[in-house]
$ cat my_file_9.csv   # CSV, C-alpha atoms and all ligand atoms
chain,number,residue,atom,x,y,z
S,25,TRP,CA,171.4,17.7,-191.5
S,26,VAL,CA,174.4,15.5,-191.4
S,27,SER,CA,176.1,17.3,-194.3
S,28,ALA,CA,175.2,20.6,-192.7
S,29,LEU,CA,176.8,19.5,-189.5
S,30,ARG,CA,179.8,18.4,-191.5
S,31,ARG,CA,180.2,21.8,-193.1
S,32,TRP,CA,179.8,23.5,-189.7
S,33,ALA,CA,182.2,21.2,-187.9
S,34,PRO,CA,185.7,22.5,-187.3
S,35,SER,CA,187.8,20.1,-189.4
S,36,ALA,CA,191.4,19.3,-188.6
S,37,ALA,CA,192.3,21.3,-191.7
S,38,ASN,CA,190.7,24.6,-190.7
S,39,ALA,CA,191.8,24.1,-187.1
S,40,GLY,CA,195.3,24.6,-188.3
S,41,VAL,CA,196.4,21.0,-187.7
S,42,ARG,CA,199.2,19.9,-190.0
S,43,SER,CA,197.9,16.4,-190.9
S,44,GLY,CA,195.4,13.7,-190.0
S,45,PRO,CA,191.9,12.9,-191.2
S,46,THR,CA,189.1,15.4,-191.3
S,47,VAL,CA,187.1,15.0,-188.2
S,48,THR,CA,183.4,15.5,-187.7
S,49,PRO,CA,181.5,15.4,-184.5
S,50,GLN,CA,179.4,12.5,-185.3
S,51,ARG,CA,182.4,10.4,-186.2
S,52,ARG,CA,184.0,11.4,-183.0
S,53,LEU,CA,181.0,10.5,-180.9
S,54,HIS,CA,181.2,6.9,-182.1
S,55,ASP,CA,185.0,6.7,-181.6
S,56,ALA,CA,186.5,5.4,-178.4
S,57,PRO,CA,187.8,8.3,-176.5
S,58,LEU,CA,190.9,6.5,-175.4
S,59,ARG,CA,193.5,4.9,-177.6
S,60,ILE,CA,195.0,2.2,-175.5
S,61,HIS,CA,198.3,0.8,-176.8
S,62,PRO,CA,197.9,-3.0,-177.7
S,63,ARG,CA,200.6,-3.9,-175.1
S,64,VAL,CA,198.8,-2.0,-172.4
S,65,GLN,CA,195.4,-3.4,-173.4
S,66,GLU,CA,196.8,-6.9,-173.2
S,67,ALA,CA,198.3,-6.2,-169.8
S,68,LEU,CA,195.1,-4.7,-168.5
S,69,ALA,CA,193.1,-7.7,-169.8
S,70,THR,CA,195.4,-10.2,-168.1
S,71,ARG,CA,195.8,-8.2,-164.9
S,72,GLU,CA,199.5,-7.6,-165.3
S,73,PRO,CA,200.8,-4.5,-163.5
S,74,VAL,CA,200.7,-1.3,-165.4
S,75,VAL,CA,202.2,2.1,-164.5
S,76,ALA,CA,200.9,5.3,-166.1
S,77,LEU,CA,203.4,8.1,-166.9
S,78,GLU,CA,202.8,11.7,-167.8
S,79,SER,CA,204.1,13.6,-170.8
S,80,THR,CA,204.0,17.3,-169.9
S,81,ILE,CA,207.4,16.5,-168.3
S,82,ILE,CA,208.5,15.6,-171.9
S,83,THR,CA,206.8,18.5,-173.8
S,84,HIS,CA,207.2,21.3,-171.3
S,85,GLY,CA,209.4,20.1,-168.4
S,86,MET,CA,212.7,19.2,-170.0
S,87,PRO,CA,214.7,20.3,-173.1
S,88,TYR,CA,215.3,18.0,-176.1
S,89,PRO,CA,217.0,15.5,-176.2
S,90,TYR,CA,217.1,15.0,-172.5
S,91,ASN,CA,213.4,14.7,-172.4
S,92,ILE,CA,213.2,11.8,-174.9
S,93,ARG,CA,216.1,10.0,-173.2
S,94,MET,CA,214.4,10.4,-169.9
S,95,ALA,CA,211.1,9.2,-171.2
S,96,LYS,CA,212.6,6.0,-172.7
S,97,GLU,CA,214.8,5.3,-169.7
S,98,VAL,CA,211.8,5.6,-167.3
S,99,GLU,CA,209.8,3.2,-169.4
S,100,GLU,CA,212.7,0.7,-169.3
S,101,ILE,CA,213.0,1.0,-165.5
S,102,VAL,CA,209.3,0.4,-165.2
S,103,LYS,CA,209.7,-2.7,-167.4
S,104,ALA,CA,212.8,-3.9,-165.5
S,105,ASN,CA,210.9,-3.7,-162.3
S,106,GLY,CA,208.0,-5.9,-163.5
S,107,SER,CA,205.3,-3.5,-164.9
S,108,VAL,CA,204.1,-2.4,-168.3
S,109,PRO,CA,204.7,1.4,-168.9
S,110,ALA,CA,201.8,3.4,-170.3
S,111,THR,CA,202.9,7.0,-171.1
S,112,VAL,CA,199.8,9.2,-171.7
S,113,GLY,CA,199.8,11.8,-174.3
S,114,ILE,CA,197.5,13.5,-176.9
S,115,LEU,CA,198.2,13.0,-180.6
S,116,GLN,CA,196.1,14.8,-183.1
S,117,GLY,CA,193.1,15.0,-180.9
S,118,ARG,CA,193.3,11.4,-179.5
S,119,LEU,CA,194.1,10.6,-175.9
S,120,HIS,CA,196.6,7.9,-176.0
S,121,VAL,CA,197.4,5.5,-173.1
S,122,GLY,CA,200.7,4.0,-174.0
S,123,LEU,CA,202.9,5.5,-176.7
S,124,CYS,CA,205.2,3.9,-179.3
S,125,ASP,CA,208.8,5.2,-179.8
S,126,GLU,CA,207.8,7.4,-182.8
S,127,GLU,CA,205.0,9.0,-180.8
S,128,LEU,CA,207.2,9.7,-177.8
S,129,GLN,CA,209.8,11.2,-180.3
S,130,PHE,CA,207.1,13.4,-181.8
S,131,LEU,CA,206.0,14.8,-178.5
S,132,ALA,CA,209.6,15.3,-177.4
S,133,GLN,CA,210.5,17.3,-180.5
S,134,SER,CA,207.3,19.1,-181.3
S,135,LYS,CA,207.4,22.9,-180.8
S,136,ASP,CA,203.7,23.4,-180.7
S,137,CYS,CA,202.4,20.8,-178.3
S,138,VAL,CA,199.8,22.0,-175.8
S,139,LYS,CA,200.2,21.5,-172.0
S,140,VAL,CA,197.0,19.6,-171.3
S,141,SER,CA,195.3,19.7,-168.0
S,142,ARG,CA,191.7,18.6,-167.3
S,143,ARG,CA,190.3,22.0,-168.5
S,144,ASP,CA,192.2,21.7,-171.8
S,145,LEU,CA,191.0,18.2,-172.8
S,146,PRO,CA,187.8,19.1,-174.5
S,147,TYR,CA,189.4,21.8,-176.7
S,148,VAL,CA,192.5,19.8,-177.6
S,149,LEU,CA,190.6,16.6,-178.4
S,150,SER,CA,188.0,18.5,-180.4
S,151,GLN,CA,190.5,20.5,-182.4
S,152,GLY,CA,192.8,17.6,-183.3
S,153,LEU,CA,195.7,19.1,-181.4
S,154,SER,CA,198.7,17.3,-179.8
S,155,GLY,CA,200.0,17.7,-176.4
S,156,GLY,CA,201.6,16.5,-173.2
S,157,SER,CA,199.3,15.5,-170.4
S,158,THR,CA,199.9,17.0,-167.0
S,159,VAL,CA,199.4,15.2,-163.7
S,160,SER,CA,195.7,16.0,-163.8
S,161,GLY,CA,195.3,15.1,-167.5
S,162,THR,CA,197.2,11.9,-167.0
S,163,MET,CA,195.2,10.9,-163.9
S,164,ILE,CA,192.0,11.2,-165.9
S,165,ALA,CA,193.3,8.9,-168.7
S,166,ALA,CA,194.8,6.4,-166.2
S,167,HIS,CA,191.6,6.1,-164.3
S,168,ARG,CA,189.5,5.7,-167.4
S,169,ALA,CA,191.8,3.0,-168.6
S,170,GLY,CA,191.8,1.2,-165.3
S,171,ILE,CA,195.4,1.9,-164.3
S,172,PRO,CA,195.6,2.6,-160.5
S,173,VAL,CA,199.3,3.6,-160.3
S,174,PHE,CA,200.9,6.7,-161.9
S,175,VAL,CA,204.5,7.7,-161.6
S,176,THR,CA,205.8,11.3,-162.1
S,177,GLY,CA,208.5,13.6,-160.8
S,178,GLY,CA,206.9,16.6,-159.0
S,179,VAL,CA,203.2,17.4,-158.8
S,180,GLY,CA,201.8,20.9,-159.3
S,181,GLY,CA,200.6,22.8,-156.3
S,182,VAL,CA,199.8,26.2,-154.9
S,183,HIS,CA,202.1,28.8,-156.4
S,184,HIS,CA,203.9,31.4,-154.2
S,185,GLU,CA,201.5,34.2,-153.6
S,186,GLY,CA,198.7,31.8,-154.7
S,187,GLU,CA,196.6,33.3,-152.0
S,188,LYS,CA,196.5,36.4,-154.1
S,189,THR,CA,196.7,35.1,-157.7
S,190,MET,CA,194.7,31.9,-157.0
S,191,ASP,CA,197.2,30.0,-159.1
S,192,VAL,CA,196.5,26.6,-157.7
S,193,SER,CA,197.4,23.6,-159.9
S,194,ALA,CA,194.5,21.5,-161.3
S,195,ASP,CA,196.7,18.6,-160.1
S,196,LEU,CA,195.4,19.2,-156.6
S,197,THR,CA,191.7,19.2,-157.4
S,198,GLU,CA,192.3,16.2,-159.6
S,199,LEU,CA,193.9,14.3,-156.7
S,200,GLY,CA,190.7,15.2,-154.8
S,201,ARG,CA,188.4,13.7,-157.3
S,202,THR,CA,190.2,10.8,-159.1
S,203,PRO,CA,191.1,7.6,-157.4
S,204,VAL,CA,194.7,7.0,-158.7
S,205,ALA,CA,197.8,6.6,-156.6
S,206,VAL,CA,200.4,9.2,-157.7
S,207,ILE,CA,204.0,8.5,-156.9
S,208,SER,CA,206.1,11.6,-156.8
S,209,ALA,CA,209.2,13.1,-155.1
S,210,GLY,CA,207.0,15.6,-153.3
S,211,VAL,CA,206.6,19.2,-154.3
S,212,LYS,CA,209.3,21.5,-155.6
S,213,SER,CA,210.1,24.7,-153.7
S,214,ILE,CA,209.1,26.6,-156.9
S,215,LEU,CA,205.7,26.2,-155.1
S,216,ASP,CA,204.3,27.1,-151.7
S,217,ILE,CA,204.7,23.7,-150.1
S,218,GLY,CA,202.8,24.6,-146.9
S,219,ARG,CA,199.8,25.9,-148.7
S,220,THR,CA,199.9,23.0,-151.1
S,221,LEU,CA,199.6,20.6,-148.2
S,222,GLU,CA,196.7,22.6,-146.8
S,223,TYR,CA,195.0,22.5,-150.1
S,224,LEU,CA,195.5,18.8,-150.4
S,225,GLU,CA,193.9,18.4,-147.0
S,226,THR,CA,190.9,20.5,-148.2
S,227,GLU,CA,190.6,18.3,-151.2
S,228,GLY,CA,190.6,15.2,-149.0
S,229,VAL,CA,193.7,13.7,-150.5
S,230,CYS,CA,195.5,11.0,-148.6
S,231,VAL,CA,199.1,12.3,-148.6
S,232,SER,CA,201.8,10.0,-147.4
S,233,THR,CA,205.6,9.8,-147.5
S,234,PHE,CA,207.0,6.5,-148.7
S,235,GLY,CA,209.6,5.4,-146.2
S,236,ASP,CA,210.5,5.9,-142.6
S,237,SER,CA,210.2,9.6,-142.3
S,238,THR,CA,207.1,11.8,-141.9
S,239,ASP,CA,208.9,14.8,-143.4
S,240,PHE,CA,207.2,15.8,-146.5
S,241,PRO,CA,210.0,15.9,-149.2
S,242,ALA,CA,210.7,18.9,-151.3
S,243,PHE,CA,211.7,17.1,-154.5
S,244,PHE,CA,215.4,18.1,-154.5
S,245,THR,CA,215.7,17.7,-150.7
S,246,PRO,CA,214.3,15.0,-148.5
S,247,LYS,CA,212.7,17.5,-146.0
S,248,SER,CA,210.5,20.5,-146.9
S,249,GLY,CA,210.1,21.6,-143.3
S,250,PHE,CA,206.5,20.3,-143.3
S,251,LYS,CA,205.1,17.0,-142.1
S,252,ALA,CA,203.1,14.6,-144.2
S,253,PRO,CA,200.1,13.4,-142.4
S,254,CYS,CA,201.2,9.7,-142.7
S,255,ARG,CA,204.0,7.4,-143.8
S,256,GLY,CA,204.6,3.8,-144.7
S,257,GLY,CA,207.3,2.1,-146.6
S,258,SER,CA,205.9,-1.1,-148.1
S,259,SER,CA,203.9,-1.9,-151.2
S,260,LYS,CA,201.3,-3.6,-149.0
S,261,TYR,CA,200.9,-0.3,-147.2
S,262,VAL,CA,200.0,1.4,-150.4
S,263,TRP,CA,197.6,-1.4,-151.4
S,264,VAL,CA,195.8,-1.1,-148.1
S,265,LEU,CA,195.5,2.6,-148.4
S,266,SER,CA,194.0,2.3,-151.9
S,267,ALA,CA,191.7,-0.6,-150.8
S,268,ARG,CA,190.3,1.3,-147.8
S,269,SER,CA,189.8,4.4,-149.9
S,270,LEU,CA,188.0,2.5,-152.6
S,271,GLU,CA,185.9,0.4,-150.2
S,272,LEU,CA,184.5,3.6,-148.8
S,273,GLY,CA,183.9,5.0,-152.2
S,274,LEU,CA,186.0,8.1,-151.4
S,275,SER,CA,186.9,8.5,-155.1
S,276,SER,CA,189.8,10.7,-154.2
S,277,GLY,CA,193.5,10.0,-155.1
S,278,ILE,CA,196.5,9.2,-153.0
S,279,LEU,CA,199.7,11.2,-153.2
S,280,LEU,CA,202.8,9.2,-152.2
S,281,ALA,CA,206.0,11.3,-151.8
S,282,VAL,CA,209.2,9.4,-152.2
S,283,PRO,CA,212.2,11.3,-150.6
S,284,ILE,CA,215.2,11.9,-152.8
S,285,PRO,CA,217.8,9.2,-152.3
S,286,ALA,CA,220.8,10.4,-150.3
S,287,GLU,CA,223.3,10.1,-153.2
S,288,HIS,CA,221.3,12.7,-155.2
S,289,ALA,CA,220.4,15.1,-152.4
S,290,ALA,CA,223.8,17.0,-152.3
S,291,PRO,CA,223.2,19.9,-154.8
S,292,GLY,CA,220.0,20.9,-153.0
S,293,ASN,CA,221.3,24.3,-151.8
S,294,ALA,CA,222.5,25.5,-155.1
S,295,ILE,CA,219.2,24.6,-156.6
S,296,GLU,CA,217.3,26.5,-153.9
S,297,GLU,CA,219.2,29.7,-154.7
S,298,ALA,CA,218.3,29.3,-158.4
S,299,VAL,CA,214.7,28.7,-157.5
S,300,GLN,CA,214.6,32.0,-155.6
S,301,GLN,CA,216.1,33.8,-158.5
S,302,ALA,CA,213.8,32.2,-161.0
S,303,LEU,CA,210.8,33.2,-158.9
S,304,ARG,CA,212.0,36.8,-158.8
S,305,GLU,CA,212.4,36.8,-162.6
S,306,ALA,CA,209.0,35.3,-163.1
S,307,ARG,CA,207.4,38.0,-161.0
S,308,LEU,CA,209.3,40.8,-162.8
S,309,GLN,CA,208.5,39.5,-166.2
S,310,GLY,CA,204.8,39.0,-165.3
S,311,VAL,CA,204.8,35.3,-166.2
S,312,GLN,CA,201.3,34.0,-165.6
S,313,GLY,CA,199.0,31.0,-165.8
S,314,LYS,CA,200.1,27.7,-167.3
S,315,GLU,CA,203.4,29.3,-168.4
S,316,VAL,CA,204.6,29.7,-164.8
S,317,THR,CA,205.7,26.1,-164.1
S,318,PRO,CA,207.6,25.6,-167.4
S,319,PHE,CA,209.3,29.0,-167.1
S,320,LEU,CA,210.5,28.2,-163.5
S,321,LEU,CA,211.7,24.7,-164.5
S,322,GLN,CA,213.6,26.0,-167.5
S,323,ARG,CA,215.2,28.9,-165.6
S,324,VAL,CA,216.2,26.8,-162.6
S,325,ASN,CA,217.9,24.4,-165.1
S,326,GLU,CA,219.7,27.2,-166.8
S,327,LEU,CA,220.8,28.9,-163.5
S,328,THR,CA,222.2,25.6,-162.1
S,329,GLY,CA,224.0,24.7,-165.3
S,330,GLY,CA,221.9,21.6,-165.8
S,331,GLN,CA,222.3,20.3,-162.3
S,332,SER,CA,218.6,20.5,-161.5
S,333,LEU,CA,217.8,18.6,-164.7
S,334,GLU,CA,220.2,15.9,-163.7
S,335,SER,CA,218.7,15.6,-160.2
S,336,ASN,CA,215.2,15.7,-161.8
S,337,ILE,CA,216.0,12.8,-164.0
S,338,ALA,CA,217.6,10.8,-161.2
S,339,LEU,CA,214.5,11.3,-159.1
S,340,ILE,CA,212.0,10.3,-161.7
S,341,LYS,CA,214.0,7.1,-162.4
S,342,ASN,CA,213.9,6.4,-158.6
S,343,ASN,CA,210.1,7.0,-158.6
S,344,ALA,CA,209.7,4.7,-161.6
S,345,ARG,CA,211.5,1.9,-159.7
S,346,VAL,CA,209.4,2.4,-156.6
S,347,GLY,CA,206.1,2.8,-158.6
S,348,SER,CA,206.7,-0.2,-160.7
S,349,ARG,CA,207.3,-2.4,-157.7
S,350,ILE,CA,204.1,-0.9,-156.0
S,351,ALA,CA,202.1,-1.8,-159.2
S,352,VAL,CA,203.5,-5.3,-159.1
S,353,ALA,CA,202.5,-5.8,-155.4
S,354,LEU,CA,199.1,-4.3,-156.1
S,355,SER,CA,198.4,-6.6,-158.9
S,356,GLN,CA,199.6,-9.7,-156.9
S,357,LEU,CA,197.4,-8.7,-154.0
S,358,ARG,CA,194.4,-8.1,-156.3
S,359,ASN,CA,194.8,-11.2,-158.5
R,1,LIG,N1,206.7,20.0,-161.7
R,1,LIG,C1,207.8,19.5,-162.2
R,1,LIG,N2,208.0,19.1,-163.5
R,1,LIG,C2,206.9,19.1,-164.3
R,1,LIG,C3,205.7,19.6,-163.8
R,1,LIG,C4,205.6,20.0,-162.6
R,1,LIG,O1,208.8,19.5,-161.4
R,1,LIG,O2,207.1,18.7,-165.5
R,1,LIG,C5,204.5,19.6,-164.8
R,1,LIG,C6,203.6,18.4,-164.4
R,1,LIG,O3,203.0,17.9,-165.6
R,1,LIG,C7,202.5,19.0,-163.6
R,1,LIG,C8,202.3,20.4,-164.2
R,1,LIG,O4,201.2,18.3,-163.7
R,1,LIG,O5,203.7,20.7,-164.5
R,1,LIG,C9,201.7,21.4,-163.3
R,1,LIG,O6,201.5,22.6,-164.0
R,1,LIG,P1,200.7,23.8,-163.3
R,1,LIG,O7,201.6,24.2,-162.2
R,1,LIG,O8,200.6,24.8,-164.4
R,1,LIG,O9,199.5,23.2,-162.8
R,2,MN,MN,198.4,27.4,-162.7
$ encode --input "my_file_9.csv" --output "structure tokens" --more "lines below"
Ligand code: PSU
Ligand code: MN
Amino acid sequence: WVSALRRWAPSAANAGVRSGPTVTPQRRLHDAPLRIHPRVQEALATREPVVALESTIITHGMPYPYNIRMAKEVEEIVKANGSVPATVGILQGRLHVGLCDEELQFLAQSKDCVKVSRRDLPYVLSQGLSGGSTVSGTMIAAHRAGIPVFVTGGVGGVHHEGEKTMDVSADLTELGRTPVAVISAGVKSILDIGRTLEYLETEGVCVSTFGDSTDFPAFFTPKSGFKAPCRGGSSKYVWVLSARSLELGLSSGILLAVPIPAEHAAPGNAIEEAVQQALREARLQGVQGKEVTPFLLQRVNELTGGQSLESNIALIKNNARVGSRIAVALSQLRN
């Protein structure tokens, strides 16, 4: 029956994958589901601080070569602030936690990488495909690997008219079910920020701004017009939030929103106009499903002549600095 199963099994070759070994289900079952980079493994074993990073931002969020430059710079910032970076991605059906330079380069340049959220993982892993992990995909990998802190730019949310289309990012439900602290710059106005906050409440996600203000940031601007339910500005604060959440066995995540630093906040208005136009175009062209967010990000970047991309990169770097320091504090308090 083993050979029958082998014949039946979708191999990497007939799944249309370019290279890599032929894969059979029984080999897979005995394989570790996660490929943790040796440096990350060492850090986890010795309780050094580790910061998880996503890769959809590389494969679908930014054009080449800005994406690879950003990915490497963010890893350097994480290191410079005391933590070990662990970029999550899927390579030929394996979920990697921590990528080497060649692997980052492959994801940054590949034209056929999949955007991988929770629902996509079984298919992509079983078919030997490669892809960038979204916030939801990355949270799953980070949690499985034992990494409690994850830095990104903007999280997904409820799309405009989501009350009709039901286009609600899997990031929100993931935050409701996976205990990882996600450090972001809030939610972009390509999304319905008010409904996103409502949905996060429904999912039981602890949402907090990081700093003095309770204004929930809108990525490019420090204020979205909505309030975050709580705020706090120290790493200790984040640790206590996580500790209380875990003690109660809440099993949900924490969303920390770091407002954009004042020096990058200036072009916010121009970006907002571009966002409105990109939303109109998406509606007219009937863009749907997982294509919506990448379409909007690309159009906003084109319409602002690269300004949104520049702010985007500045924000992620700022988040990486904040997140790395939080991870350091968490590991000191824990050790
Ligand atoms: N927002 C951004 N940049 C991004 C994303 C969102 O400003 O790159 C990516 C993240 O990976 C996020 C995903 O998890 O898009 C959400 O996609 P969707 O809206 O299809 O759930
Ligand atoms: Mn969606």
$ residues_near_ligand --input "my_file_9.csv" --ligand "ligand MN 2 (chain R)" --cutoff "10 Å" --atoms "all atoms listed in the file" --output "list of chain:residue names"
S:Ser141, S:Gly180, S:Gly181, S:Val182, S:His183, S:Gly186, S:Thr189, S:Met190, S:Asp191, S:Val192, S:Ser193, S:Ala194, S:Asp195, S:Gln312, S:Gly313, S:Lys314, S:Glu315, S:Val316, S:Thr317
$ residues_around --input "my_file_9.csv" --residues "segment 89-100 of chain S" --least-positions-apart "5" --cutoff "6 Å" --atoms "all atoms listed in the file" --output "PyMOL selection string"
chain S and resi 82+109+132+341
$ residues_around --input "my_file_9.csv" --residues "Ile217 of chain S" --least-positions-apart "2" --cutoff "10 Å" --atoms "only C-alpha atoms" --output "ChimeraX atom specification"
/S:181-184,210-215,219-223,240-242,248-250
$ closest_residue --input "my_file_9.csv" --among "S:Ala209, S:Ile171, S:Ala286, S:Val179" --to "ligand LIG 1 (chain R)" --atoms "all atoms listed in the file"
S:Val179
$ residues_around --input "my_file_9.csv" --residues "Val74 of chain S" --least-positions-apart "6" --cutoff "9 Å" --atoms "all atoms listed in the file" --output "mmCIF file with C-alpha atoms, keeping the file's coordinate frame"
data_model
loop_
_atom_site.group_PDB
_atom_site.id
_atom_site.type_symbol
_atom_site.label_atom_id
_atom_site.label_comp_id
_atom_site.auth_asym_id
_atom_site.auth_seq_id
_atom_site.Cartn_x
_atom_site.Cartn_y
_atom_site.Cartn_z
ATOM 1 C CA VAL S 64 198.800 -2.000 -172.400
ATOM 2 C CA ALA S 67 198.300 -6.200 -169.800
ATOM 3 C CA LEU S 68 195.100 -4.700 -168.500
ATOM 4 C CA VAL S 102 209.300 0.400 -165.200
ATOM 5 C CA GLY S 106 208.000 -5.900 -163.500
ATOM 6 C CA SER S 107 205.300 -3.500 -164.900
ATOM 7 C CA VAL S 108 204.100 -2.400 -168.300
ATOM 8 C CA PRO S 109 204.700 1.400 -168.900
ATOM 9 C CA ALA S 110 201.800 3.400 -170.300
ATOM 10 C CA ILE S 171 195.400 1.900 -164.300
ATOM 11 C CA PRO S 172 195.600 2.600 -160.500
ATOM 12 C CA VAL S 173 199.300 3.600 -160.300
ATOM 13 C CA PHE S 174 200.900 6.700 -161.900
ATOM 14 C CA SER S 348 206.700 -0.200 -160.700
ATOM 15 C CA ALA S 351 202.100 -1.800 -159.200
ATOM 16 C CA VAL S 352 203.500 -5.300 -159.100
ATOM 17 C CA SER S 355 198.400 -6.600 -158.900
#
$ closest_residue --input "my_file_9.csv" --among "S:Leu274, S:Ile164, S:Ile81, S:Leu327" --to "ligand LIG 1 (chain R)" --atoms "all atoms listed in the file"
S:Ile81
$ atom_distance --input "my_file_9.csv" --atom1 "atom CA of Ile350 of chain S" --atom2 "atom CA of Ser276 of chain S"
18.5 Å
$ closest_residue --input "my_file_9.csv" --among "S:Ile114, S:Cys124, S:Val324, S:Ile101" --to "Val138 of chain S" --atoms "all atoms listed in the file"
S:Ile114
$ closest_residue --input "my_file_9.csv" --among "S:Leu123, S:Ile284, S:Val206, S:Ala302" --to "Arg63 of chain S" --atoms "all atoms listed in the file"
S:Leu123
$ atom_distance --input "my_file_9.csv" --atom1 "atom CA of Lys251 of chain S" --atom2 "atom CA of Val282 of chain S"
13.3 Å
